[in-house]
$ cat input-v2.cif   # mmCIF, C-alpha atoms
data_work
#
loop_
_atom_site.label_atom_id
_atom_site.label_comp_id
_atom_site.auth_asym_id
_atom_site.auth_seq_id
_atom_site.Cartn_x
_atom_site.Cartn_y
_atom_site.Cartn_z
CA MET A 1 0.00 0.00 0.00
CA SER A 2 1.46 3.34 -1.02
CA GLU A 3 1.32 6.66 0.78
CA ILE A 4 -0.21 9.92 -0.32
CA GLN A 5 0.74 13.39 0.84
CA ILE A 6 -2.00 15.94 1.21
CA GLU A 7 -2.35 19.30 2.87
CA LEU A 8 -5.62 19.94 4.63
CA GLU A 9 -6.61 23.58 4.87
CA ILE A 10 -9.19 23.40 7.61
CA LEU A 11 -11.47 26.25 8.61
CA ARG A 12 -11.15 26.85 12.32
CA TYR A 13 -13.49 28.83 14.53
CA ASP A 14 -13.56 29.00 18.29
CA PRO A 15 -16.59 31.04 19.39
CA GLU A 16 -14.87 31.86 22.68
CA LYS A 17 -11.72 33.28 21.07
CA ASP A 18 -12.29 34.13 17.40
CA ARG A 19 -14.26 36.99 15.92
CA GLU A 20 -14.31 35.19 12.59
CA PRO A 21 -13.07 31.87 11.17
CA HIS A 22 -9.58 31.37 9.75
CA PHE A 23 -7.78 28.56 7.95
CA GLU A 24 -5.09 26.35 9.44
CA THR A 25 -3.02 23.99 7.30
CA TYR A 26 -2.02 20.46 8.28
CA ALA A 27 0.27 18.22 6.25
CA VAL A 28 -0.89 14.61 6.45
CA THR A 29 0.70 11.44 5.15
CA CYS A 30 -2.20 9.17 4.20
CA GLN A 31 -2.55 5.57 3.14
CA ASP A 32 -3.85 5.52 -0.42
CA ASP A 33 -7.14 3.90 0.59
CA TRP A 34 -7.96 6.58 3.16
CA MET A 35 -10.94 8.85 2.93
CA VAL A 36 -10.75 12.53 3.81
CA LEU A 37 -12.38 11.64 7.14
CA ASP A 38 -9.39 9.41 7.96
CA ALA A 39 -7.06 12.29 7.26
CA ILE A 40 -9.11 14.58 9.53
CA ASN A 41 -9.10 11.90 12.21
CA TYR A 42 -5.30 11.79 11.87
CA VAL A 43 -5.13 15.54 12.45
CA LYS A 44 -7.32 15.20 15.53
CA ASP A 45 -5.35 12.25 16.92
CA HIS A 46 -1.80 13.40 16.16
CA LEU A 47 -1.58 17.08 15.18
CA ASP A 48 -4.30 19.12 16.87
CA THR A 49 -6.62 17.62 19.44
CA THR A 50 -8.73 20.78 19.61
CA LEU A 51 -10.25 20.21 16.16
CA SER A 52 -14.04 19.76 16.33
CA TYR A 53 -16.11 17.93 13.72
CA ARG A 54 -18.93 15.42 13.54
CA TRP A 55 -18.59 11.85 12.41
CA SER A 56 -19.83 8.44 13.43
CA CYS A 57 -20.30 5.45 11.13
CA HIS A 58 -17.57 5.91 8.50
CA MET A 59 -19.75 4.16 5.92
CA ALA A 60 -22.06 6.83 4.48
CA VAL A 61 -25.01 5.83 6.59
CA CYS A 62 -25.16 8.17 9.58
CA GLY A 63 -24.94 11.44 7.64
CA SER A 64 -22.77 13.14 10.28
CA CYS A 65 -19.63 14.00 8.34
CA GLY A 66 -21.09 16.26 5.66
CA MET A 67 -18.67 19.12 4.99
CA MET A 68 -17.35 21.28 2.17
CA ILE A 69 -14.35 19.67 0.49
CA ASP A 70 -12.81 22.02 -2.04
CA GLY A 71 -16.10 23.87 -2.17
CA GLU A 72 -18.26 20.80 -2.76
CA PRO A 73 -20.61 19.44 -0.09
CA LYS A 74 -19.56 15.83 0.47
CA LEU A 75 -19.48 13.13 3.10
CA ALA A 76 -15.88 13.11 4.30
CA CYS A 77 -16.12 9.33 4.78
CA LYS A 78 -16.93 8.88 1.08
CA ALA A 79 -14.30 11.24 -0.38
CA PRO A 80 -11.05 9.38 -1.22
CA VAL A 81 -7.85 11.25 -0.35
CA SER A 82 -6.42 9.98 -3.66
CA ASN A 83 -8.55 12.66 -5.36
CA TYR A 84 -6.48 15.31 -3.56
CA ALA A 85 -3.03 13.67 -3.73
CA ASN A 86 -0.09 16.09 -3.58
CA GLN A 87 -2.35 19.09 -3.35
CA LYS A 88 -4.25 21.18 -0.87
CA ALA A 89 -7.76 20.16 0.05
CA ARG A 90 -9.83 22.94 1.56
CA ILE A 91 -12.11 21.66 4.31
CA GLU A 92 -14.92 23.89 5.54
CA PRO A 93 -18.13 23.39 7.48
CA LEU A 94 -21.28 22.88 5.38
CA ALA A 95 -22.18 26.11 3.60
CA ASN A 96 -25.39 27.98 4.43
CA PHE A 97 -25.37 26.96 8.10
CA PRO A 98 -24.02 28.94 11.07
CA ILE A 99 -20.70 27.61 12.37
CA GLU A 100 -20.88 26.34 15.93
CA ARG A 101 -17.18 25.51 16.15
CA ASP A 102 -14.59 24.48 13.53
CA LEU A 103 -16.39 22.05 11.17
CA VAL A 104 -19.50 21.73 13.32
CA VAL A 105 -22.58 23.59 12.07
CA VAL A 106 -25.78 24.57 13.87
CA MET A 107 -28.51 22.26 12.54
CA ASP A 108 -31.43 23.67 14.54
CA ASP A 109 -33.05 25.34 11.53
CA PHE A 110 -33.21 22.06 9.61
CA MET A 111 -34.45 20.09 12.61
CA ASP A 112 -37.28 22.60 13.08
CA LYS A 113 -38.26 22.43 9.42
CA LEU A 114 -38.13 18.65 9.38
CA LYS A 115 -40.53 18.58 12.33
CA ARG A 116 -42.88 21.01 10.60
CA VAL A 117 -43.44 18.74 7.57
CA LYS A 118 -44.50 15.85 9.87
CA PRO A 119 -42.16 13.16 8.51
CA PHE A 120 -44.10 10.16 9.75
CA VAL A 121 -47.13 8.11 8.68
CA ILE A 122 -50.31 9.96 9.62
CA ARG A 123 -53.60 8.04 9.82
CA LYS A 124 -56.99 9.72 10.05
CA GLU A 125 -58.10 6.73 12.04
CA GLU A 126 -55.77 4.04 13.38
CA LYS A 127 -57.10 0.53 12.94
CA PRO A 128 -56.91 -1.80 15.93
CA ILE A 129 -53.79 -3.97 16.15
CA GLU A 130 -55.87 -7.17 15.84
CA GLU A 131 -56.86 -6.10 12.30
CA GLY A 132 -53.24 -6.57 11.29
CA GLU A 133 -50.62 -4.50 9.57
CA TYR A 134 -51.09 -1.90 6.84
CA ARG A 135 -50.18 -3.85 3.73
CA GLN A 136 -48.26 -2.39 0.85
CA SER A 137 -47.47 -3.85 -2.57
CA PRO A 138 -43.91 -3.77 -4.02
CA ALA A 139 -45.13 -1.20 -6.59
CA GLU A 140 -46.51 1.04 -3.83
CA LEU A 141 -43.20 0.76 -1.98
CA LYS A 142 -41.17 1.54 -5.05
CA LYS A 143 -43.18 4.74 -5.63
CA TYR A 144 -41.42 6.48 -2.73
CA LYS A 145 -38.51 4.19 -1.75
CA GLN A 146 -35.84 6.36 -3.33
CA PHE A 147 -36.88 9.24 -1.07
CA THR A 148 -36.49 7.11 2.07
CA LEU A 149 -32.74 6.87 1.51
CA CYS A 150 -32.06 10.38 2.87
CA ILE A 151 -29.61 10.36 5.78
CA ASN A 152 -30.08 14.04 6.73
CA CYS A 153 -26.45 14.85 5.94
CA LEU A 154 -27.55 18.35 4.78
CA CYS A 155 -25.25 18.36 1.76
CA CYS A 156 -28.32 19.38 -0.26
CA TYR A 157 -28.87 22.49 1.85
CA ALA A 158 -25.21 23.43 1.50
CA ALA A 159 -25.56 23.20 -2.30
CA CYS A 160 -28.91 24.99 -2.56
CA PRO A 161 -28.63 28.60 -3.79
CA GLN A 162 -32.21 29.31 -2.75
CA TYR A 163 -31.58 28.26 0.85
CA ALA A 164 -28.49 30.46 0.87
CA LEU A 165 -30.55 33.48 -0.22
CA ILE A 166 -33.85 32.70 1.54
CA PRO A 167 -33.14 31.03 4.89
CA GLU A 168 -36.89 30.58 5.48
CA PHE A 169 -37.07 28.14 2.53
CA ILE A 170 -37.98 24.75 3.97
CA GLY A 171 -35.39 23.27 1.67
CA PRO A 172 -34.60 20.02 -0.17
CA ALA A 173 -34.31 17.30 2.48
CA ALA A 174 -37.32 18.32 4.62
CA LEU A 175 -39.59 18.80 1.59
CA THR A 176 -38.41 15.48 0.17
CA MET A 177 -39.47 13.85 3.43
CA ALA A 178 -42.91 15.48 3.11
CA HIS A 179 -43.19 14.07 -0.41
CA ARG A 180 -41.96 10.67 0.72
CA TYR A 181 -44.84 10.38 3.22
CA ASN A 182 -47.39 11.93 0.85
CA GLN A 183 -46.49 9.18 -1.63
CA ASP A 184 -46.77 6.40 0.95
CA SER A 185 -49.96 4.38 0.40
CA ARG A 186 -50.34 3.92 4.17
CA ASP A 187 -50.32 7.66 4.83
CA GLN A 188 -53.33 9.98 5.04
CA GLY A 189 -51.49 13.14 6.06
CA LEU A 190 -51.51 15.04 2.75
CA ALA A 191 -53.84 17.75 4.13
CA GLU A 192 -51.84 18.14 7.34
CA ARG A 193 -48.61 18.72 5.40
CA HIS A 194 -50.22 20.90 2.75
CA ASP A 195 -49.82 24.29 4.42
CA GLU A 196 -46.07 23.82 4.91
CA VAL A 197 -45.48 22.26 1.51
CA ALA A 198 -47.59 24.67 -0.55
CA ALA A 199 -46.50 27.81 1.35
CA PRO A 200 -44.40 30.40 -0.52
CA VAL A 201 -41.34 29.14 1.39
CA GLY A 202 -42.31 25.53 0.59
CA ALA A 203 -41.80 23.70 -2.69
CA TRP A 204 -42.47 26.87 -4.72
CA ASP A 205 -39.33 28.57 -3.40
CA CYS A 206 -37.28 25.95 -5.25
CA SER A 207 -35.86 27.42 -8.46
CA PHE A 208 -34.78 23.96 -9.67
CA ALA A 209 -31.08 24.66 -9.85
CA GLY A 210 -30.85 20.90 -9.27
CA GLU A 211 -27.64 21.09 -7.23
CA CYS A 212 -29.23 19.24 -4.31
CA SER A 213 -29.53 16.14 -6.47
CA GLU A 214 -26.04 16.56 -7.89
CA VAL A 215 -24.39 16.49 -4.47
CA CYS A 216 -26.69 13.98 -2.72
CA PRO A 217 -24.42 11.09 -1.62
CA LYS A 218 -27.39 8.70 -1.45
CA HIS A 219 -28.90 9.59 -4.87
CA VAL A 220 -32.19 10.59 -3.28
CA ASP A 221 -32.83 13.20 -5.99
CA PRO A 222 -34.50 15.88 -3.86
CA ALA A 223 -34.89 18.12 -6.93
CA ALA A 224 -37.24 15.54 -8.43
CA ALA A 225 -39.26 15.33 -5.20
CA LEU A 226 -39.67 19.10 -5.10
CA GLN A 227 -40.84 19.36 -8.71
CA GLN A 228 -43.32 16.54 -8.06
CA LEU A 229 -44.55 18.46 -5.01
CA LYS A 230 -45.11 21.53 -7.19
CA ILE A 231 -47.28 19.50 -9.55
CA ALA A 232 -49.11 17.82 -6.65
CA THR A 233 -49.89 21.14 -4.93
CA THR A 234 -51.10 22.59 -8.24
CA VAL A 235 -53.44 19.63 -8.76
CA GLN A 236 -54.68 20.03 -5.19
CA TRP A 237 -55.32 23.74 -5.82
CA TYR A 238 -57.38 23.01 -8.93
CA LYS A 239 -59.29 20.29 -7.11
CA GLY A 240 -60.14 22.86 -4.45
CA LEU A 241 -61.24 25.30 -7.14
CA ILE A 242 -63.77 22.89 -8.61
CA GLY A 243 -64.98 21.78 -5.20
CA MET A 244 -63.32 18.37 -5.14
CA GLY A 245 -61.96 18.88 -1.68
CA GLY A 246 -58.55 20.18 -2.73
CA LYS A 247 -55.95 19.51 -0.11
CA MET B 1 -21.72 32.63 19.43
CA ALA B 2 -22.23 30.81 16.16
CA TYR B 3 -20.66 32.49 13.14
CA VAL B 4 -22.85 33.18 10.11
CA ARG B 5 -20.94 33.36 6.85
CA PRO B 6 -22.07 36.20 4.59
CA VAL B 7 -23.76 35.36 1.27
CA SER B 8 -23.54 37.87 -1.55
CA LYS B 9 -27.00 38.78 -2.85
CA THR B 10 -25.51 40.16 -6.05
CA SER B 11 -22.80 37.72 -7.07
CA TRP B 12 -23.82 34.37 -5.54
CA TYR B 13 -24.38 32.86 -9.00
CA LEU B 14 -20.66 33.22 -9.75
CA ALA B 15 -19.72 31.05 -6.77
CA ARG B 16 -20.24 27.79 -8.65
CA ARG B 17 -20.25 27.13 -12.39
CA SER B 18 -23.51 25.20 -12.07
CA TYR B 19 -25.17 28.25 -10.48
CA THR B 20 -24.06 30.38 -13.43
CA VAL B 21 -25.44 27.86 -15.93
CA HIS B 22 -28.68 27.74 -13.94
CA MET B 23 -29.01 31.52 -14.01
CA LEU B 24 -28.34 31.56 -17.77
CA GLN B 25 -31.19 29.07 -18.13
CA GLU B 26 -33.40 31.31 -16.01
CA LEU B 27 -32.45 34.32 -18.13
CA THR B 28 -33.73 32.59 -21.26
CA SER B 29 -37.23 33.25 -19.93
CA ILE B 30 -36.72 36.97 -20.69
CA PHE B 31 -36.34 36.12 -24.38
CA VAL B 32 -39.31 33.77 -24.24
CA GLY B 33 -41.36 36.59 -22.70
CA MET B 34 -40.08 39.04 -25.29
CA PHE B 35 -41.05 36.71 -28.14
CA ALA B 36 -44.52 36.28 -26.61
CA LEU B 37 -44.92 40.09 -26.57
CA ILE B 38 -43.90 40.30 -30.25
CA LEU B 39 -46.47 37.61 -31.01
CA LEU B 40 -49.16 39.58 -29.16
CA TRP B 41 -48.11 42.67 -31.06
CA GLY B 42 -48.56 40.69 -34.30
CA ILE B 43 -52.02 39.48 -33.29
CA SER B 44 -53.07 43.01 -32.42
CA ALA B 45 -51.69 44.15 -35.80
CA VAL B 46 -53.83 41.53 -37.59
CA ALA B 47 -56.87 42.89 -35.76
CA GLY B 48 -55.93 46.39 -36.91
CA GLY B 49 -56.33 45.55 -40.60
CA PRO B 50 -54.03 44.90 -43.59
CA ASP B 51 -52.09 48.17 -43.34
CA THR B 52 -51.28 47.74 -39.67
CA TYR B 53 -50.27 44.12 -40.30
CA GLN B 54 -47.99 45.17 -43.17
CA ALA B 55 -46.39 47.80 -40.92
CA PHE B 56 -45.82 45.09 -38.31
CA LEU B 57 -44.20 42.81 -40.91
CA ASP B 58 -41.99 45.68 -42.10
CA SER B 59 -40.83 46.45 -38.60
CA LEU B 60 -39.90 42.77 -38.13
CA ARG B 61 -37.48 43.18 -41.05
CA SER B 62 -35.45 45.92 -39.35
CA PRO B 63 -31.92 44.75 -38.53
CA VAL B 64 -32.47 45.15 -34.79
CA MET B 65 -35.62 43.01 -34.91
CA VAL B 66 -33.92 40.37 -37.06
CA VAL B 67 -31.15 40.07 -34.48
CA ILE B 68 -33.67 39.93 -31.62
CA LEU B 69 -35.70 37.23 -33.39
CA TRP B 70 -32.65 35.10 -34.18
CA VAL B 71 -31.31 35.36 -30.65
CA SER B 72 -34.79 34.58 -29.29
CA THR B 73 -35.08 31.53 -31.55
CA VAL B 74 -31.73 30.10 -30.48
CA VAL B 75 -32.37 30.87 -26.81
CA MET B 76 -35.86 29.36 -26.96
CA PHE B 77 -34.48 26.13 -28.38
CA TYR B 78 -32.04 26.02 -25.47
CA HIS B 79 -34.90 26.83 -23.07
CA ALA B 80 -37.06 24.04 -24.51
CA VAL B 81 -34.25 21.47 -24.44
CA ALA B 82 -33.32 22.38 -20.84
CA TRP B 83 -36.99 22.15 -19.88
CA PHE B 84 -37.71 18.83 -21.61
CA SER B 85 -34.57 17.24 -20.21
CA VAL B 86 -35.90 17.67 -16.66
CA THR B 87 -39.46 16.52 -17.33
CA PRO B 88 -38.72 12.90 -16.31
CA LYS B 89 -37.87 14.16 -12.81
CA ALA B 90 -41.03 16.22 -12.47
CA MET B 91 -43.47 13.71 -13.94
CA PRO B 92 -42.33 10.14 -13.36
CA ILE B 93 -44.72 7.50 -14.68
CA GLN B 94 -44.89 4.17 -12.94
CA ARG B 95 -46.10 1.09 -14.82
CA GLY B 96 -46.47 -1.81 -12.41
CA GLU B 97 -43.35 -1.76 -10.27
CA GLU B 98 -41.06 -0.07 -12.77
CA PHE B 99 -40.79 3.56 -13.78
CA VAL B 100 -41.01 4.44 -17.47
CA PRO B 101 -37.44 5.24 -18.66
CA ALA B 102 -36.56 8.96 -18.58
CA GLY B 103 -35.71 8.93 -22.28
CA ILE B 104 -39.25 7.93 -23.21
CA ILE B 105 -40.82 10.73 -21.12
CA ALA B 106 -38.47 13.38 -22.50
CA GLY B 107 -38.81 11.85 -25.99
CA ALA B 108 -42.62 12.12 -25.81
CA HIS B 109 -42.25 15.84 -25.11
CA TYR B 110 -39.95 16.27 -28.11
CA ALA B 111 -42.42 14.31 -30.27
CA ALA B 112 -45.32 16.49 -29.09
CA TRP B 113 -43.23 19.61 -29.76
CA PHE B 114 -42.48 18.39 -33.27
CA VAL B 115 -46.12 17.53 -34.04
CA VAL B 116 -47.47 20.85 -32.69
CA SER B 117 -44.78 22.79 -34.62
CA LEU B 118 -45.72 20.90 -37.78
CA LEU B 119 -49.41 21.70 -37.27
CA VAL B 120 -48.68 25.40 -36.72
CA LEU B 121 -46.51 25.51 -39.87
CA LEU B 122 -49.28 23.72 -41.80
CA LEU B 123 -51.89 26.21 -40.56
CA ALA B 124 -49.55 29.06 -41.46
CA GLY B 125 -49.39 27.72 -45.01
CA VAL B 126 -45.65 27.06 -44.99
CA PHE B 127 -46.17 23.66 -46.69
#
$ encode --input "input-v2.cif" --output "structure tokens"
Amino acid sequence: MSEIQIELEILRYDPEKDREPHFETYAVTCQDDWMVLDAINYVKDHLDTTLSYRWSCHMAVCGSCGMMIDGEPKLACKAPVSNYANQKARIEPLANFPIERDLVVVMDDFMDKLKRVKPFVIRKEEKPIEEGEYRQSPAELKKYKQFTLCINCLCCYAACPQYALIPEFIGPAALTMAHRYNQDSRDQGLAERHDEVAAPVGAWDCSFAGECSEVCPKHVDPAAALQQLKIATTVQWYKGLIGMGGK
Amino acid sequence: MAYVRPVSKTSWYLARRSYTVHMLQELTSIFVGMFALILLWGISAVAGGPDTYQAFLDSLRSPVMVVILWVSTVVMFYHAVAWFSVTPKAMPIQRGEEFVPAGIIAGAHYAAWFVVSLLVLLLAGVF
């Protein structure tokens, strides 16, 4: 196994000391099969123990290590260091979020928005347990399955120009979750989600730049979900207009 | 206290190449709107009688208008292609378990575009 030299330019910010963030550079000798996360872990373990960042699973499942790598929102555990061999890799916290400390961002805004779209199966009336489970065909599952793969890594928000300009925009991941449950044959919560989804800061604030889908490490395609929501809310509006109940 | 990085309201679209391309696509709508206005102008000229319509046709032949119409045509083709290429995302069609391939959905839009264009040209007496 060969070695790779890279220089990590990491954005540092200590809210107790710094007025604004600054870059610090660390030279790291990596194994060629390392990911950028391994290199950051090396910095933390051997060069600077004060470095703060989030990570957990190291296998693109937990969604914790989303960060900007050379300006692109990526999971650090899925970004091979070999792509940055013998050069500088600029590591920054996810764009469009406030920086808590170093590479850690404040996620409260997203968590609030996610809660608002009610990302869970809503039933108008629950049937008793003895009547059995809510059955679903493979076709009904496939209708929304792609949208269940979101790991809330927030790379899509970091890539979204609309979220950067309009912080009130509910944004790609949360709206995709709304669509995921609206598409679920077991769900009856369309009306309950409608006001959030169809609001001016809901799906209609998306300008379809499509960057959310480009950067999504799980190929969820939030841009598709948001366009489908636009069509769905339009259909609901027309249904309301002709007295078919609408939302 | 958490640090909020500033975002430029005037030059954000230069931050990434894809943003710039996206904004260029958005700008094509200006030409689409402009062409629609010229069309409305033409319809109103038809309503005004033969002389008004002839004056409208003459003004379309001015060099400035020729340039505007050519640019609008090229830009509208780009607008249409960009639009059709994303239709499979916005309107997926599921048959049984599988989704209809994206190429078929986009292709159907191109086919409809072709047929409608042909009909308009037929009505206009081009053929």
$ closest_residue --input "input-v2.cif" --among "A:Ile99, A:Ile6, A:Ala158, A:Cys150" --to "chain B" --atoms "all atoms listed in the file"
A:Ile99
$ interface_residues --input "input-v2.cif" --of "chain B" --to "chain A" --cutoff "7 Å" --atoms "all atoms listed in the file" --output "ChimeraX atom specification"
/B:1-5,7,9,19,22,89-91,96-97
$ closest_residue --input "input-v2.cif" --among "A:Tyr144, A:Phe169, A:Trp204, A:Tyr181" --to "B:Gln94" --atoms "only C-alpha atoms"
A:Tyr144
$ atom_distance --input "input-v2.cif" --atom1 "atom CA of A:Val117" --atom2 "atom CA of A:Gln146"
18.2 Å
$ atom_distance --input "input-v2.cif" --atom1 "atom CA of B:Ser18" --atom2 "atom CA of A:Asn83"
20.6 Å
$ closest_residue --input "input-v2.cif" --among "A:Tyr163, A:Phe23, A:Tyr134, A:Phe147" --to "A:Asp187" --atoms "all atoms listed in the file"
A:Tyr134
$ resolve_selection --input "input-v2.cif" --expression "the PyMOL selection byres ((chain A and resi 173) around 10)" --output "JSON list (two decimals) with C-alpha atoms, in the frame of the given file"
[["chain", "number", "residue", "atom", "x", "y", "z"],
["A", 110, "PHE", "CA", -33.21, 22.06, 9.61],
["A", 113, "LYS", "CA", -38.26, 22.43, 9.42],
["A", 114, "LEU", "CA", -38.13, 18.65, 9.38],
["A", 147, "PHE", "CA", -36.88, 9.24, -1.07],
["A", 150, "CYS", "CA", -32.06, 10.38, 2.87],
["A", 151, "ILE", "CA", -29.61, 10.36, 5.78],
["A", 152, "ASN", "CA", -30.08, 14.04, 6.73],
["A", 153, "CYS", "CA", -26.45, 14.85, 5.94],
["A", 154, "LEU", "CA", -27.55, 18.35, 4.78],
["A", 155, "CYS", "CA", -25.25, 18.36, 1.76],
["A", 156, "CYS", "CA", -28.32, 19.38, -0.26],
["A", 157, "TYR", "CA", -28.87, 22.49, 1.85],
["A", 170, "ILE", "CA", -37.98, 24.75, 3.97],
["A", 171, "GLY", "CA", -35.39, 23.27, 1.67],
["A", 172, "PRO", "CA", -34.60, 20.02, -0.17],
["A", 174, "ALA", "CA", -37.32, 18.32, 4.62],
["A", 175, "LEU", "CA", -39.59, 18.80, 1.59],
["A", 176, "THR", "CA", -38.41, 15.48, 0.17],
["A", 177, "MET", "CA", -39.47, 13.85, 3.43],
["A", 178, "ALA", "CA", -42.91, 15.48, 3.11],
["A", 179, "HIS", "CA", -43.19, 14.07, -0.41],
["A", 212, "CYS", "CA", -29.23, 19.24, -4.31],
["A", 216, "CYS", "CA", -26.69, 13.98, -2.72],
["A", 220, "VAL", "CA", -32.19, 10.59, -3.28],
["A", 221, "ASP", "CA", -32.83, 13.20, -5.99],
["A", 222, "PRO", "CA", -34.50, 15.88, -3.86],
["A", 223, "ALA", "CA", -34.89, 18.12, -6.93],
["A", 225, "ALA", "CA", -39.26, 15.33, -5.20],
["A", 226, "LEU", "CA", -39.67, 19.10, -5.10]]
$ resolve_selection --input "input-v2.cif" --expression "the PyMOL selection byres ((chain A and resi 48-59) around 7)" --output "ChimeraX atom specification"
/A:43-47,60-62,64-65,77,101-104
